[in-house]
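Undergrad: Input structure: run.cif, which contains mmCIF, C-alpha atoms (C1' of nucleotides) and all ligand atoms.
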```cif
data_query
#
loop_
_atom_site.label_atom_id
_atom_site.label_comp_id
_atom_site.auth_asym_id
_atom_site.auth_seq_id
_atom_site.Cartn_x
_atom_site.Cartn_y
_atom_site.Cartn_z
CA MET A 7 12.86 21.04 -18.29
CA ASN A 8 14.57 23.87 -16.46
CA GLN A 9 16.10 23.90 -13.04
CA GLU A 10 13.06 25.13 -11.16
CA GLN A 11 10.96 22.41 -12.67
CA LYS A 12 13.51 19.78 -11.79
CA ILE A 13 13.63 20.97 -8.22
CA PHE A 14 9.89 21.14 -7.92
CA LYS A 15 9.30 17.79 -9.50
CA GLU A 16 11.88 16.13 -7.31
CA PHE A 17 10.41 17.81 -4.27
CA LEU A 18 6.93 16.62 -5.16
CA GLN A 19 8.02 13.10 -5.86
CA LYS A 20 9.71 12.90 -2.48
CA LYS A 21 6.35 13.71 -0.99
CA GLY A 22 4.43 11.32 -3.20
CA LEU A 23 2.87 14.19 -5.11
CA LYS A 24 2.71 14.84 -8.82
CA LEU A 25 3.83 17.63 -11.10
CA THR A 26 0.46 18.14 -12.70
CA LYS A 27 -0.52 20.52 -15.49
CA PRO A 28 -1.89 23.23 -13.18
CA ARG A 29 1.20 23.00 -11.01
CA GLN A 30 3.45 23.30 -14.04
CA ILE A 31 1.57 26.31 -15.26
CA ILE A 32 1.75 27.98 -11.88
CA LEU A 33 5.44 27.24 -11.50
CA GLU A 34 6.23 28.54 -14.96
CA GLU A 35 4.24 31.69 -14.46
CA VAL A 36 5.82 32.33 -11.08
CA PHE A 37 9.30 32.17 -12.56
CA LEU A 38 8.48 34.14 -15.66
CA THR A 39 9.27 37.44 -13.98
CA HIS A 40 11.40 38.31 -11.00
CA LYS A 41 8.96 40.64 -9.31
CA HIS A 42 7.02 40.26 -6.14
CA PHE A 43 3.56 38.95 -6.70
CA ASN A 44 0.41 38.06 -4.88
CA VAL A 45 -2.07 35.29 -5.63
CA ASP A 46 -4.48 37.57 -7.39
CA GLN A 47 -1.92 38.93 -9.80
CA LEU A 48 -0.75 35.44 -10.52
CA TYR A 49 -4.29 34.28 -11.08
CA ASP A 50 -4.99 37.08 -13.52
CA GLN A 51 -1.83 36.42 -15.51
CA ILE A 52 -2.56 32.75 -15.75
CA LYS A 53 -6.17 33.30 -16.71
CA ILE A 54 -5.13 35.30 -19.76
CA LYS A 55 -2.94 32.55 -21.17
CA TYR A 56 -4.43 29.31 -20.01
CA SER A 57 -8.13 29.47 -19.52
CA ASN A 58 -8.63 28.15 -16.06
CA VAL A 59 -6.54 27.30 -13.10
CA SER A 60 -8.59 27.95 -10.03
CA ARG A 61 -7.63 30.32 -7.29
CA ALA A 62 -7.88 27.44 -4.86
CA THR A 63 -5.22 25.54 -6.72
CA ILE A 64 -2.92 28.53 -6.72
CA TYR A 65 -3.45 29.01 -3.02
CA ARG A 66 -2.73 25.33 -2.55
CA THR A 67 0.43 25.48 -4.62
CA MET A 68 2.10 28.40 -2.83
CA PRO A 69 2.93 26.39 0.30
CA LEU A 70 4.40 23.69 -1.89
CA LEU A 71 6.65 26.11 -3.70
CA ILE A 72 7.68 27.54 -0.38
CA GLU A 73 8.43 24.17 1.13
CA ALA A 74 10.48 23.40 -1.96
CA SER A 75 12.52 26.53 -1.19
CA LEU A 76 11.67 28.06 -4.53
CA ILE A 77 9.79 31.06 -3.21
CA LYS A 78 9.02 32.72 0.08
CA ASN A 79 6.31 34.81 1.57
CA ALA A 80 8.30 38.00 1.48
CA LEU A 81 6.08 40.78 2.64
CA ARG A 82 2.59 41.97 3.25
CA CYS A 83 1.32 44.91 1.25
CA GLU A 84 -2.20 46.23 0.88
CA ALA A 85 -3.56 43.42 3.04
CA LYS A 86 -2.18 40.76 0.77
CA ASP A 87 0.65 38.31 1.15
CA HIS A 88 3.36 38.89 -1.44
CA TYR A 89 5.78 36.25 -2.58
CA GLU A 90 9.14 36.36 -4.27
CA HIS A 91 11.73 33.98 -5.62
CA ILE A 92 14.34 32.47 -3.40
CA TYR A 93 15.88 30.23 -5.99
CA GLY A 94 18.49 32.26 -7.82
CA HIS A 95 18.11 35.36 -5.69
CA GLU A 96 20.04 36.93 -2.87
CA ARG A 97 18.28 37.67 0.33
CA HIS A 98 17.50 41.34 0.36
CA LEU A 99 15.66 44.09 2.08
CA HIS A 100 12.41 45.81 1.21
CA LEU A 101 11.75 49.49 1.53
CA ILE A 102 8.02 49.91 1.37
CA CYS A 103 6.57 53.35 0.85
CA ASN A 104 3.78 54.12 3.29
CA LYS A 105 2.18 56.48 0.85
CA CYS A 106 2.28 54.94 -2.59
CA GLY A 107 3.16 51.36 -1.73
CA THR A 108 6.23 51.30 -3.94
CA ILE A 109 8.60 48.54 -2.93
CA ILE A 110 12.29 49.23 -3.30
CA GLU A 111 14.75 46.39 -2.96
CA ALA A 112 18.18 46.76 -1.44
CA GLU A 113 21.15 44.62 -0.60
CA ILE A 114 21.65 43.34 2.90
CA SER A 115 25.03 43.00 4.49
CA ASP A 116 25.14 44.43 7.96
CA MET A 117 21.85 46.28 8.43
CA GLU A 118 20.85 48.72 11.16
CA GLN A 119 23.31 51.50 10.30
CA LEU A 120 23.32 50.11 6.80
CA LEU A 121 19.59 50.42 6.78
CA ASN A 122 20.04 54.15 6.93
CA GLN A 123 22.89 54.25 4.45
CA ILE A 124 20.81 52.26 2.04
CA ALA A 125 17.84 54.48 2.60
CA GLU A 126 19.99 57.47 1.78
CA THR A 127 21.15 55.82 -1.43
CA LYS A 128 17.57 55.15 -2.43
CA LYS A 129 16.50 58.57 -1.23
CA PHE A 130 14.02 56.86 1.02
CA HIS A 131 12.98 58.22 4.36
CA ILE A 132 12.67 55.36 6.84
CA GLU A 133 10.02 55.91 9.46
CA ASP A 134 9.92 52.43 10.85
CA TYR A 135 11.20 48.97 10.20
CA ASN A 136 10.61 45.43 11.30
CA VAL A 137 12.91 42.51 11.48
CA GLY A 138 11.12 39.24 11.72
CA ALA A 139 12.89 35.93 11.83
CA ARG A 140 11.04 32.69 11.56
CA GLY A 141 12.13 29.22 12.43
CA VAL A 142 11.64 26.74 15.22
CA CYS A 143 11.82 27.36 18.95
CA VAL A 144 13.45 25.14 21.54
CA ASN A 145 10.26 23.50 22.64
CA CYS A 146 9.31 22.61 19.13
CA LEU A 147 12.80 21.39 18.38
CA LYS A 148 12.31 18.73 21.02
CA ASP A 149 8.93 17.17 20.57
CA GLY A 150 7.31 16.54 17.25
CA THR A 151 4.06 16.94 19.18
CA ASN A 152 3.28 20.46 18.07
CA SER A 153 0.22 22.60 18.28
CA ASN A 154 0.56 23.58 14.66
CA GLU A 155 1.69 21.72 11.56
CA MET B 2 -3.13 61.85 33.63
CA ASN B 3 -0.09 59.82 32.66
CA GLN B 4 2.37 60.44 29.90
CA GLU B 5 0.66 58.29 27.29
CA GLN B 6 -2.59 60.08 27.86
CA LYS B 7 -0.93 63.45 27.57
CA ILE B 8 0.71 62.47 24.33
CA PHE B 9 -2.45 61.04 22.89
CA LYS B 10 -4.60 63.96 23.94
CA GLU B 11 -2.16 66.46 22.52
CA PHE B 12 -1.96 64.47 19.33
CA LEU B 13 -5.71 64.37 19.00
CA GLN B 14 -6.14 68.03 19.73
CA LYS B 15 -3.64 68.90 17.04
CA LYS B 16 -5.89 67.04 14.63
CA GLY B 17 -9.09 68.56 15.94
CA LEU B 18 -10.12 65.26 17.53
CA LYS B 19 -11.20 64.49 21.05
CA LEU B 20 -10.01 62.17 23.77
CA THR B 21 -13.35 60.50 24.32
CA LYS B 22 -14.28 57.86 26.85
CA PRO B 23 -13.88 54.91 24.48
CA ARG B 24 -10.53 56.23 23.34
CA GLN B 25 -9.38 56.64 26.92
CA ILE B 26 -10.43 53.11 27.75
CA ILE B 27 -8.63 51.71 24.74
CA LEU B 28 -5.49 53.69 25.44
CA GLU B 29 -5.43 52.64 29.07
CA GLU B 30 -5.98 49.00 28.24
CA VAL B 31 -3.32 49.05 25.57
CA PHE B 32 -0.74 50.34 28.02
CA LEU B 33 -1.76 48.10 30.86
CA THR B 34 0.56 45.33 29.78
CA HIS B 35 3.68 45.33 27.67
CA LYS B 36 2.85 42.37 25.50
CA HIS B 37 1.98 42.17 21.87
CA PHE B 38 -1.71 42.20 21.25
CA ASN B 39 -4.27 41.99 18.51
CA VAL B 40 -7.62 43.69 18.25
CA ASP B 41 -9.54 40.69 19.39
CA GLN B 42 -7.56 40.24 22.56
CA LEU B 43 -7.93 43.90 23.30
CA TYR B 44 -11.64 43.74 22.65
CA ASP B 45 -12.09 40.81 25.00
CA GLN B 46 -10.12 42.45 27.80
CA ILE B 47 -12.09 45.64 27.49
CA LYS B 48 -15.40 43.84 27.35
CA ILE B 49 -14.77 42.23 30.72
CA LYS B 50 -14.18 45.52 32.50
CA TYR B 51 -16.24 48.08 30.70
CA SER B 52 -19.30 46.66 29.11
CA ASN B 53 -19.07 47.83 25.57
CA VAL B 54 -16.58 49.47 23.34
CA SER B 55 -17.25 48.25 19.85
CA ARG B 56 -14.74 46.43 17.73
CA ALA B 57 -15.19 49.13 15.11
CA THR B 58 -14.03 51.78 17.54
CA ILE B 59 -10.99 49.74 18.47
CA TYR B 60 -10.14 49.22 14.84
CA ARG B 61 -10.59 52.92 14.31
CA THR B 62 -8.37 53.82 17.24
CA MET B 63 -5.36 51.72 16.29
CA PRO B 64 -4.31 53.98 13.43
CA LEU B 65 -4.59 56.96 15.72
CA LEU B 66 -2.34 55.39 18.34
CA ILE B 67 0.09 54.51 15.60
CA GLU B 68 0.10 57.98 14.13
CA ALA B 69 0.69 59.31 17.62
CA SER B 70 3.79 57.08 17.78
CA LEU B 71 2.52 55.26 20.81
CA ILE B 72 2.25 51.85 19.22
CA LYS B 73 3.15 50.15 15.99
CA ASN B 74 1.92 47.29 13.91
CA ALA B 75 4.73 44.98 14.84
CA LEU B 76 4.03 41.66 13.25
CA ARG B 77 1.51 39.35 11.71
CA CYS B 78 0.78 36.09 13.40
CA GLU B 79 -2.02 33.62 12.80
CA ALA B 80 -3.55 35.87 10.16
CA LYS B 81 -3.91 38.74 12.59
CA ASP B 82 -2.09 42.04 12.88
CA HIS B 83 -0.28 42.34 16.19
CA TYR B 84 0.64 45.61 17.81
CA GLU B 85 3.14 46.60 20.44
CA HIS B 86 4.21 49.69 22.33
CA ILE B 87 6.71 52.08 20.89
CA TYR B 88 6.52 54.62 23.65
CA GLY B 89 8.92 53.53 26.37
CA HIS B 90 10.31 50.58 24.46
CA GLU B 91 13.44 49.85 22.51
CA ARG B 92 13.13 48.69 18.99
CA HIS B 93 13.68 44.97 18.98
CA LEU B 94 13.52 41.84 16.95
CA HIS B 95 10.96 39.07 16.86
CA LEU B 96 11.72 35.41 16.57
CA ILE B 97 8.52 33.73 15.56
CA CYS B 98 8.24 29.98 15.81
CA ASN B 99 6.82 28.44 12.66
CA LYS B 100 5.43 25.54 14.60
CA CYS B 101 3.90 26.83 17.83
CA GLY B 102 3.72 30.55 17.06
CA THR B 103 5.74 31.53 20.12
CA ILE B 104 7.21 34.99 19.76
CA ILE B 105 10.59 35.59 21.31
CA GLU B 106 11.90 39.11 21.58
CA ALA B 107 15.55 40.02 21.27
CA GLU B 108 17.71 43.10 21.25
CA ILE B 109 18.84 44.63 18.03
CA SER B 110 22.23 46.18 17.58
CA ASP B 111 23.93 45.09 14.41
CA MET B 112 21.78 42.26 13.01
CA GLU B 113 22.60 39.77 10.28
CA GLN B 114 25.44 37.95 12.04
CA LEU B 115 23.86 39.06 15.26
CA LEU B 116 20.66 37.50 14.12
CA ASN B 117 22.38 34.17 14.35
CA GLN B 118 24.14 34.91 17.60
CA ILE B 119 20.84 35.92 19.11
CA ALA B 120 19.15 32.87 17.78
CA GLU B 121 21.80 30.75 19.42
CA THR B 122 21.25 32.51 22.72
CA LYS B 123 17.53 31.85 22.50
CA LYS B 124 18.13 28.37 21.23
CA PHE B 125 16.08 29.25 18.20
CA HIS B 126 16.69 27.80 14.79
CA ILE B 127 16.24 30.52 12.18
CA GLU B 128 14.92 29.23 8.90
CA ASP B 129 14.09 32.53 7.30
CA TYR B 130 13.85 36.18 8.11
CA ASN B 131 12.49 39.36 6.67
CA VAL B 132 13.58 42.89 7.06
CA GLY B 133 10.99 45.39 6.07
CA ALA B 134 11.46 49.10 6.37
CA ARG B 135 8.63 51.50 5.88
CA GLY B 136 8.68 55.19 5.21
CA VAL B 137 8.29 57.54 2.30
CA CYS B 138 9.83 57.21 -1.14
CA VAL B 139 11.34 60.01 -3.22
CA ASN B 140 8.30 60.54 -5.34
CA CYS B 141 6.05 60.83 -2.36
CA LEU B 142 8.48 63.12 -0.61
CA LYS B 143 8.00 65.60 -3.42
CA ASP B 144 4.34 65.90 -4.14
CA GLY B 145 1.63 65.77 -1.50
CA THR B 146 -0.51 64.42 -4.35
CA ASN B 147 -0.36 60.77 -3.35
CA SER B 148 -2.28 57.76 -4.44
CA ASN B 149 -2.83 56.70 -0.87
CA GLU B 150 -3.43 58.59 2.38
"C1'" DG C 13 -29.16 76.42 29.18
"C1'" DG C 14 -30.49 76.28 24.25
"C1'" DT C 15 -28.70 75.55 19.49
"C1'" DG C 16 -26.33 74.18 15.60
"C1'" DA C 17 -22.00 72.31 13.59
"C1'" DT C 18 -18.93 68.67 13.99
"C1'" DA C 19 -16.91 64.64 15.57
"C1'" DC C 20 -17.91 59.89 17.59
"C1'" DT C 21 -20.12 55.84 18.44
"C1'" DG C 22 -22.20 51.03 18.22
"C1'" DA C 23 -24.46 47.84 15.43
"C1'" DG C 24 -24.49 45.29 11.87
"C1'" DA C 25 -23.85 44.85 6.87
"C1'" DA C 26 -20.31 44.53 3.45
"C1'" DT C 27 -15.87 43.28 1.73
"C1'" DT C 28 -12.29 40.21 0.82
"C1'" DA C 29 -8.04 37.19 1.52
"C1'" DG C 30 -7.65 32.78 2.36
"C1'" DT C 31 -9.57 27.97 3.46
"C1'" DC C 32 -12.47 23.93 3.02
"C1'" DG C 33 -15.68 20.14 1.41
"C1'" DC C 34 -16.98 17.66 -2.24
"C1'" DA C 35 -17.91 15.20 -6.31
"C1'" DA C 36 -15.81 14.72 -10.70
"C1'" DA C 37 -11.40 14.04 -13.31
"C1'" DA C 38 -6.66 12.79 -13.74
"C1'" DT C 39 -2.86 9.69 -12.58
"C1'" DA C 40 -0.38 5.64 -12.31
"C1'" DA C 41 0.32 1.18 -10.79
"C1'" DA C 42 -1.53 -3.57 -11.00
"C1'" DT D 22 -9.38 -2.36 -17.49
"C1'" DT D 23 -9.66 -2.00 -12.43
"C1'" DT D 24 -8.50 0.24 -8.50
"C1'" DA D 25 -6.38 3.26 -5.17
"C1'" DT D 26 -4.66 7.73 -4.64
"C1'" DT D 27 -4.21 12.58 -5.85
"C1'" DT D 28 -5.78 16.59 -7.69
"C1'" DT D 29 -8.89 19.80 -9.41
"C1'" DG D 30 -12.50 23.45 -9.93
"C1'" DC D 31 -16.33 25.12 -7.94
"C1'" DG D 32 -18.75 27.30 -4.67
"C1'" DA D 33 -19.65 27.67 0.09
"C1'" DC D 34 -17.41 29.23 4.11
"C1'" DT D 35 -14.48 31.77 7.63
"C1'" DA D 36 -12.70 35.52 9.74
"C1'" DA D 37 -10.25 39.99 9.84
"C1'" DT D 38 -11.03 44.43 8.69
"C1'" DT D 39 -13.75 48.22 6.75
"C1'" DC D 40 -17.81 50.78 5.83
"C1'" DT D 41 -22.51 52.81 6.37
"C1'" DC D 42 -25.66 54.95 8.85
"C1'" DA D 43 -28.60 56.69 12.19
"C1'" DG D 44 -28.36 58.13 16.73
"C1'" DT D 45 -25.14 60.56 20.54
"C1'" DA D 46 -21.84 63.21 22.67
"C1'" DT D 47 -19.10 67.42 22.48
"C1'" DC D 48 -18.33 72.10 22.35
"C1'" DA D 49 -18.20 76.84 20.81
"C1'" DC D 50 -21.34 80.54 20.64
"C1'" DC D 51 -25.35 82.82 21.77
MN MN E 1 12.13 41.35 -2.90
MN MN E 2 7.89 42.96 20.39
ZN ZN E 3 5.90 56.56 -2.39
ZN ZN E 4 7.75 26.55 18.90
#
```
Can you turn what I pasted into C-alpha cells?

TA:
Amino acid sequence: MNQEQKIFKEFLQKKGLKLTKPRQIILEEVFLTHKHFNVDQLYDQIKIKYSNVSRATIYRTMPLLIEASLIKNALRCEAKDHYEHIYGHERHLHLICNKCGTIIEAEISDMEQLLNQIAETKKFHIEDYNVGARGVCVNCLKDGTNSNE
Amino acid sequence: MNQEQKIFKEFLQKKGLKLTKPRQIILEEVFLTHKHFNVDQLYDQIKIKYSNVSRATIYRTMPLLIEASLIKNALRCEAKDHYEHIYGHERHLHLICNKCGTIIEAEISDMEQLLNQIAETKKFHIEDYNVGARGVCVNCLKDGTNSNE
DNA sequence: GGTGATACTGAGAATTAGTCGCAAAATAAA
DNA sequence: TTTATTTTGCGACTAATTCTCAGTATCACC
C-alpha cells in the first residue's frame, strides 16, 4: 500500500468511512499520472480497465480526496472543473491559452512581475489573470452556524 | 453618452455590430453598480425596470462586453460565472469564503507573501489559492488556424 | 418611403456538468 | 447469522449555458 492509499485510508477511517473497491480504483487512477484531469476523463480511463465505476461515485469521491488534501480543484477549463495532485507537488501557476486551451504550468515564487517574467520564459502572452484565494472569513471563523457546509 | 457607451459602441462598430436597445440596457445595468454579478442577477434587475430582455441576449452580450475590455469573468461562485468591471477598476484579488461564500476584495501588488499579509488584514484564513493567467500560447501566436475561436 | 441584405431578438428546446433519491449490495461488528 | 451502517450504480433531476429558429429591427441604396 503506497503513501496516497495510507493517507486516504486513514482519512476515511477518521470519518468512519471505508476504503472500498471503487474508491481504491479511483484513487489509484488519479495518482497514475501527474496531469490535470476532469471527472469525465477519469471516468473514461477507469471504464477501460475496470468495467464499471459509476460517474456518481467518482463525483462523490472527489470531495473526499480534496478533504484528504490529496488533490485540489485547480482550474476550470472548457466548462469543466479540473483537478490536480497536491500530495507530492509544489503549488504552481497555470497559464491557460484562450485559443487552444493548452495549460502551461509554471513555478510560483513572487508573482505579479514574475507572472510576466514567467510568461516570457514560456513565450506566453498574458491577457488577463485571476488570483483567487479560498478559506474561511471572520464571521465563519466564529460561529459554526454557517449557511453552507 | 458616457464613456462606457462610447467604448462599447465603437467596439461594436468596428465589428460591424450595432448598439441596440437591449445591448444599451444591459450595458447600463452592468455599470450601474460596481459589484460582482452573475447573469441571473443581471436578468432579474433588468426585468424589474424594463419588461423583457431575454436571458439569451444577456448571455450573448457578456462575451461582447468582455471582448470590449469593459468587464471580465472574474470568478466562479456557487456554480455560476461572476463578472466584474475592468473599465475604471484596478486589478485586484478575491478572497472567497469556503463556508458562506462571502467575497472579499483586496489590492494586489506583490502577492504570495502579500497574500498572507492581506489575509491577516481581512482576518481571513487562507486555505488554498489559485493563480490562473489567460492569454495566448506560442503555437496560437503563430498560426491563426486555431482549434477554438 | 420602399426594398433587400444583414444583424438581432425572444422563446423555448437542447445540452451537459454536477447532484440526488433509492433500492440493492457490501461491510463489519455483534 | 443478524443487524446496523455505508456505499454503490442507476437513472431521474437540476440548473447554467448554448443553440435553433422564425419573426423583427436596422440600414444602405434606390
Ligand atoms: Mn497544475
Ligand atoms: Mn472583484
Ligand atoms: Zn494556444
Ligand atoms: Zn464566511

Undergrad: Ligand MN 1 (chain E): which residues are within 9 Å, counting all atoms listed in the file? Reply as a ChimeraX atom specification.

TA: /A:40-42,80-81,89-91,95,97-100,109-112

Undergrad: Identify, counting all atoms listed in the file, the protein, DNA and RNA residues located within 8 Å of ligand ZN 4 (chain E), and give them as a list in words.

TA: Val142, Cys143, Val144, Asn145, Cys146, Leu147 and Asn152 of chain A; Ile97, Cys98, Asn99, Lys100, Cys101, Gly102 and Thr103 of chain B

Undergrad: Give chain B as a CSV table (one decimal) with C-alpha atoms, in the frame of the given file once it has been least-squares superposed onto chain A over every C-alpha atom, paired in order.

TA:
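That gives us out.csv:
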```
chain,number,residue,atom,x,y,z
B,2,MET,CA,12.9,20.9,-18.1
B,3,ASN,CA,14.6,23.7,-16.3
B,4,GLN,CA,16.1,23.8,-12.9
B,5,GLU,CA,13.0,25.1,-11.0
B,6,GLN,CA,10.9,22.3,-12.5
B,7,LYS,CA,13.5,19.7,-11.6
B,8,ILE,CA,13.6,20.9,-8.0
B,9,PHE,CA,9.8,21.1,-7.7
B,10,LYS,CA,9.2,17.7,-9.3
B,11,GLU,CA,11.8,16.1,-7.0
B,12,PHE,CA,10.3,17.8,-4.1
B,13,LEU,CA,6.9,16.6,-4.9
B,14,GLN,CA,8.0,13.1,-5.6
B,15,LYS,CA,9.6,13.0,-2.2
B,16,LYS,CA,6.3,13.8,-0.7
B,17,GLY,CA,4.3,11.4,-2.9
B,18,LEU,CA,2.8,14.2,-4.9
B,19,LYS,CA,2.7,14.8,-8.6
B,20,LEU,CA,3.8,17.6,-10.9
B,21,THR,CA,0.4,18.1,-12.6
B,22,LYS,CA,-0.5,20.4,-15.4
B,23,PRO,CA,-1.9,23.2,-13.1
B,24,ARG,CA,1.2,23.0,-10.9
B,25,GLN,CA,3.4,23.2,-13.9
B,26,ILE,CA,1.6,26.2,-15.2
B,27,ILE,CA,1.8,27.9,-11.9
B,28,LEU,CA,5.4,27.2,-11.4
B,29,GLU,CA,6.3,28.4,-14.9
B,30,GLU,CA,4.3,31.6,-14.5
B,31,VAL,CA,5.8,32.3,-11.1
B,32,PHE,CA,9.3,32.1,-12.5
B,33,LEU,CA,8.5,34.1,-15.7
B,34,THR,CA,9.3,37.4,-14.0
B,35,HIS,CA,11.4,38.3,-11.0
B,36,LYS,CA,9.0,40.6,-9.4
B,37,HIS,CA,7.0,40.3,-6.2
B,38,PHE,CA,3.6,39.0,-6.8
B,39,ASN,CA,0.4,38.1,-5.0
B,40,VAL,CA,-2.1,35.4,-5.7
B,41,ASP,CA,-4.5,37.6,-7.6
B,42,GLN,CA,-1.9,38.9,-10.0
B,43,LEU,CA,-0.7,35.4,-10.6
B,44,TYR,CA,-4.3,34.3,-11.2
B,45,ASP,CA,-4.9,37.0,-13.7
B,46,GLN,CA,-1.8,36.3,-15.6
B,47,ILE,CA,-2.5,32.7,-15.8
B,48,LYS,CA,-6.1,33.2,-16.8
B,49,ILE,CA,-5.1,35.2,-19.9
B,50,LYS,CA,-2.9,32.4,-21.2
B,51,TYR,CA,-4.4,29.2,-20.1
B,52,SER,CA,-8.1,29.4,-19.6
B,53,ASN,CA,-8.6,28.1,-16.1
B,54,VAL,CA,-6.5,27.3,-13.1
B,55,SER,CA,-8.6,28.0,-10.1
B,56,ARG,CA,-7.6,30.4,-7.4
B,57,ALA,CA,-7.9,27.5,-4.9
B,58,THR,CA,-5.3,25.6,-6.7
B,59,ILE,CA,-3.0,28.6,-6.7
B,60,TYR,CA,-3.5,29.1,-3.1
B,61,ARG,CA,-2.8,25.4,-2.5
B,62,THR,CA,0.4,25.5,-4.6
B,63,MET,CA,2.0,28.5,-2.8
B,64,PRO,CA,2.8,26.5,0.3
B,65,LEU,CA,4.3,23.8,-1.8
B,66,LEU,CA,6.6,26.2,-3.6
B,67,ILE,CA,7.6,27.6,-0.3
B,68,GLU,CA,8.3,24.3,1.2
B,69,ALA,CA,10.4,23.5,-1.8
B,70,SER,CA,12.4,26.6,-1.1
B,71,LEU,CA,11.6,28.1,-4.5
B,72,ILE,CA,9.7,31.1,-3.2
B,73,LYS,CA,9.0,32.8,0.1
B,74,ASN,CA,6.2,34.9,1.5
B,75,ALA,CA,8.2,38.1,1.4
B,76,LEU,CA,6.0,40.9,2.6
B,77,ARG,CA,2.5,42.1,3.1
B,78,CYS,CA,1.3,45.0,1.2
B,79,GLU,CA,-2.2,46.4,0.7
B,80,ALA,CA,-3.7,43.5,2.9
B,81,LYS,CA,-2.2,40.9,0.6
B,82,ASP,CA,0.6,38.4,1.0
B,83,HIS,CA,3.3,39.0,-1.5
B,84,TYR,CA,5.8,36.3,-2.6
B,85,GLU,CA,9.1,36.4,-4.3
B,86,HIS,CA,11.7,34.0,-5.6
B,87,ILE,CA,14.3,32.5,-3.4
B,88,TYR,CA,15.9,30.2,-5.9
B,89,GLY,CA,18.5,32.2,-7.8
B,90,HIS,CA,18.1,35.4,-5.7
B,91,GLU,CA,20.0,37.0,-2.9
B,92,ARG,CA,18.2,37.7,0.3
B,93,HIS,CA,17.5,41.4,0.3
B,94,LEU,CA,15.6,44.1,2.1
B,95,HIS,CA,12.4,45.9,1.2
B,96,LEU,CA,11.7,49.5,1.6
B,97,ILE,CA,8.0,50.0,1.4
B,98,CYS,CA,6.6,53.4,1.0
B,99,ASN,CA,3.8,54.2,3.4
B,100,LYS,CA,2.2,56.6,1.0
B,101,CYS,CA,2.3,55.1,-2.5
B,102,GLY,CA,3.1,51.5,-1.6
B,103,THR,CA,6.2,51.4,-3.9
B,104,ILE,CA,8.6,48.6,-2.9
B,105,ILE,CA,12.3,49.3,-3.3
B,106,GLU,CA,14.7,46.5,-3.0
B,107,ALA,CA,18.2,46.8,-1.5
B,108,GLU,CA,21.1,44.7,-0.6
B,109,ILE,CA,21.6,43.4,2.9
B,110,SER,CA,25.0,43.0,4.4
B,111,ASP,CA,25.2,44.4,7.9
B,112,MET,CA,21.9,46.3,8.4
B,113,GLU,CA,20.9,48.7,11.2
B,114,GLN,CA,23.4,51.5,10.3
B,115,LEU,CA,23.3,50.1,6.8
B,116,LEU,CA,19.6,50.4,6.8
B,117,ASN,CA,20.1,54.1,7.0
B,118,GLN,CA,22.9,54.3,4.5
B,119,ILE,CA,20.8,52.3,2.1
B,120,ALA,CA,17.8,54.5,2.7
B,121,GLU,CA,20.0,57.5,1.8
B,122,THR,CA,21.1,55.9,-1.4
B,123,LYS,CA,17.5,55.2,-2.4
B,124,LYS,CA,16.5,58.6,-1.1
B,125,PHE,CA,14.0,56.9,1.1
B,126,HIS,CA,13.0,58.2,4.5
B,127,ILE,CA,12.7,55.4,6.9
B,128,GLU,CA,10.1,55.9,9.6
B,129,ASP,CA,10.0,52.4,11.0
B,130,TYR,CA,11.2,49.0,10.3
B,131,ASN,CA,10.7,45.4,11.4
B,132,VAL,CA,13.0,42.5,11.5
B,133,GLY,CA,11.2,39.2,11.7
B,134,ALA,CA,13.0,35.9,11.8
B,135,ARG,CA,11.1,32.7,11.5
B,136,GLY,CA,12.2,29.2,12.3
B,137,VAL,CA,11.8,26.6,15.0
B,138,CYS,CA,11.9,27.2,18.7
B,139,VAL,CA,13.6,25.0,21.3
B,140,ASN,CA,10.4,23.3,22.4
B,141,CYS,CA,9.4,22.5,18.9
B,142,LEU,CA,12.9,21.3,18.1
B,143,LYS,CA,12.5,18.6,20.7
B,144,ASP,CA,9.1,17.0,20.2
B,145,GLY,CA,7.5,16.4,16.9
B,146,THR,CA,4.2,16.8,18.8
B,147,ASN,CA,3.4,20.3,17.8
B,148,SER,CA,0.4,22.4,18.1
B,149,ASN,CA,0.6,23.5,14.5
B,150,GLU,CA,1.7,21.7,11.3
```

Undergrad: Pull out every residue of chain D that has at least one atom within 10 Å of chain B, counting only C-alpha atoms (C1' of nucleotides), and report them as a list in words.

TA: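 Matching residues, ligands excluded from the count: DA36, DA37, DT38, DT39, DC40, DA46 and DT47 of chain D.
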
Undergrad: Go ahead and save the residues from that selection, with C-alpha atoms (C1' of nucleotides), as a short mmCIF file (atom, residue, chain, number, x, y, z; two decimals), in the frame of the given file.

TA:
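Full text of out_0.cif as output:
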```cif
data_model
loop_
_atom_site.label_atom_id
_atom_site.label_comp_id
_atom_site.auth_asym_id
_atom_site.auth_seq_id
_atom_site.Cartn_x
_atom_site.Cartn_y
_atom_site.Cartn_z
"C1'" DA D 36 -12.70 35.52 9.74
"C1'" DA D 37 -10.25 39.99 9.84
"C1'" DT D 38 -11.03 44.43 8.69
"C1'" DT D 39 -13.75 48.22 6.75
"C1'" DC D 40 -17.81 50.78 5.83
"C1'" DA D 46 -21.84 63.21 22.67
"C1'" DT D 47 -19.10 67.42 22.48
#
```

Undergrad: Could you please give me, as a list in words, the residues of protein, DNA or RNA lying at most 8 Å from (-14.7, 30.8, 1.9) in the coordinate frame of the file, considering all atoms listed in the file?

TA: DG30, DT31 and DC32 of chain C; DA33, DC34 and DT35 of chain D

Undergrad: Next, the residues of the selection above should be written as a PDB file, in the frame of the given file with C-alpha atoms (C1' of nucleotides).

TA:
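And here is the file that came out, again00.pdb:
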```
ATOM      1  C1'  DG C  30      -7.650  32.780   2.360  1.00  0.00           C
ATOM      2  C1'  DT C  31      -9.570  27.970   3.460  1.00  0.00           C
ATOM      3  C1'  DC C  32     -12.470  23.930   3.020  1.00  0.00           C
TER       4       DC C  32
ATOM      5  C1'  DA D  33     -19.650  27.670   0.090  1.00  0.00           C
ATOM      6  C1'  DC D  34     -17.410  29.230   4.110  1.00  0.00           C
ATOM      7  C1'  DT D  35     -14.480  31.770   7.630  1.00  0.00           C
TER       8       DT D  35
END
```

Undergrad: Using only C-alpha atoms and all ligand atoms, find the one residue out of A:Val137, A:Ser57, A:Glu35, A:Lys148 that sits nearest to ligand MN 2 (chain E).

TA: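 Going through A:Val137, A:Ser57, A:Glu35, A:Lys148 one by one, the smallest distance to ligand MN 2 (chain E) is for A:Val137.
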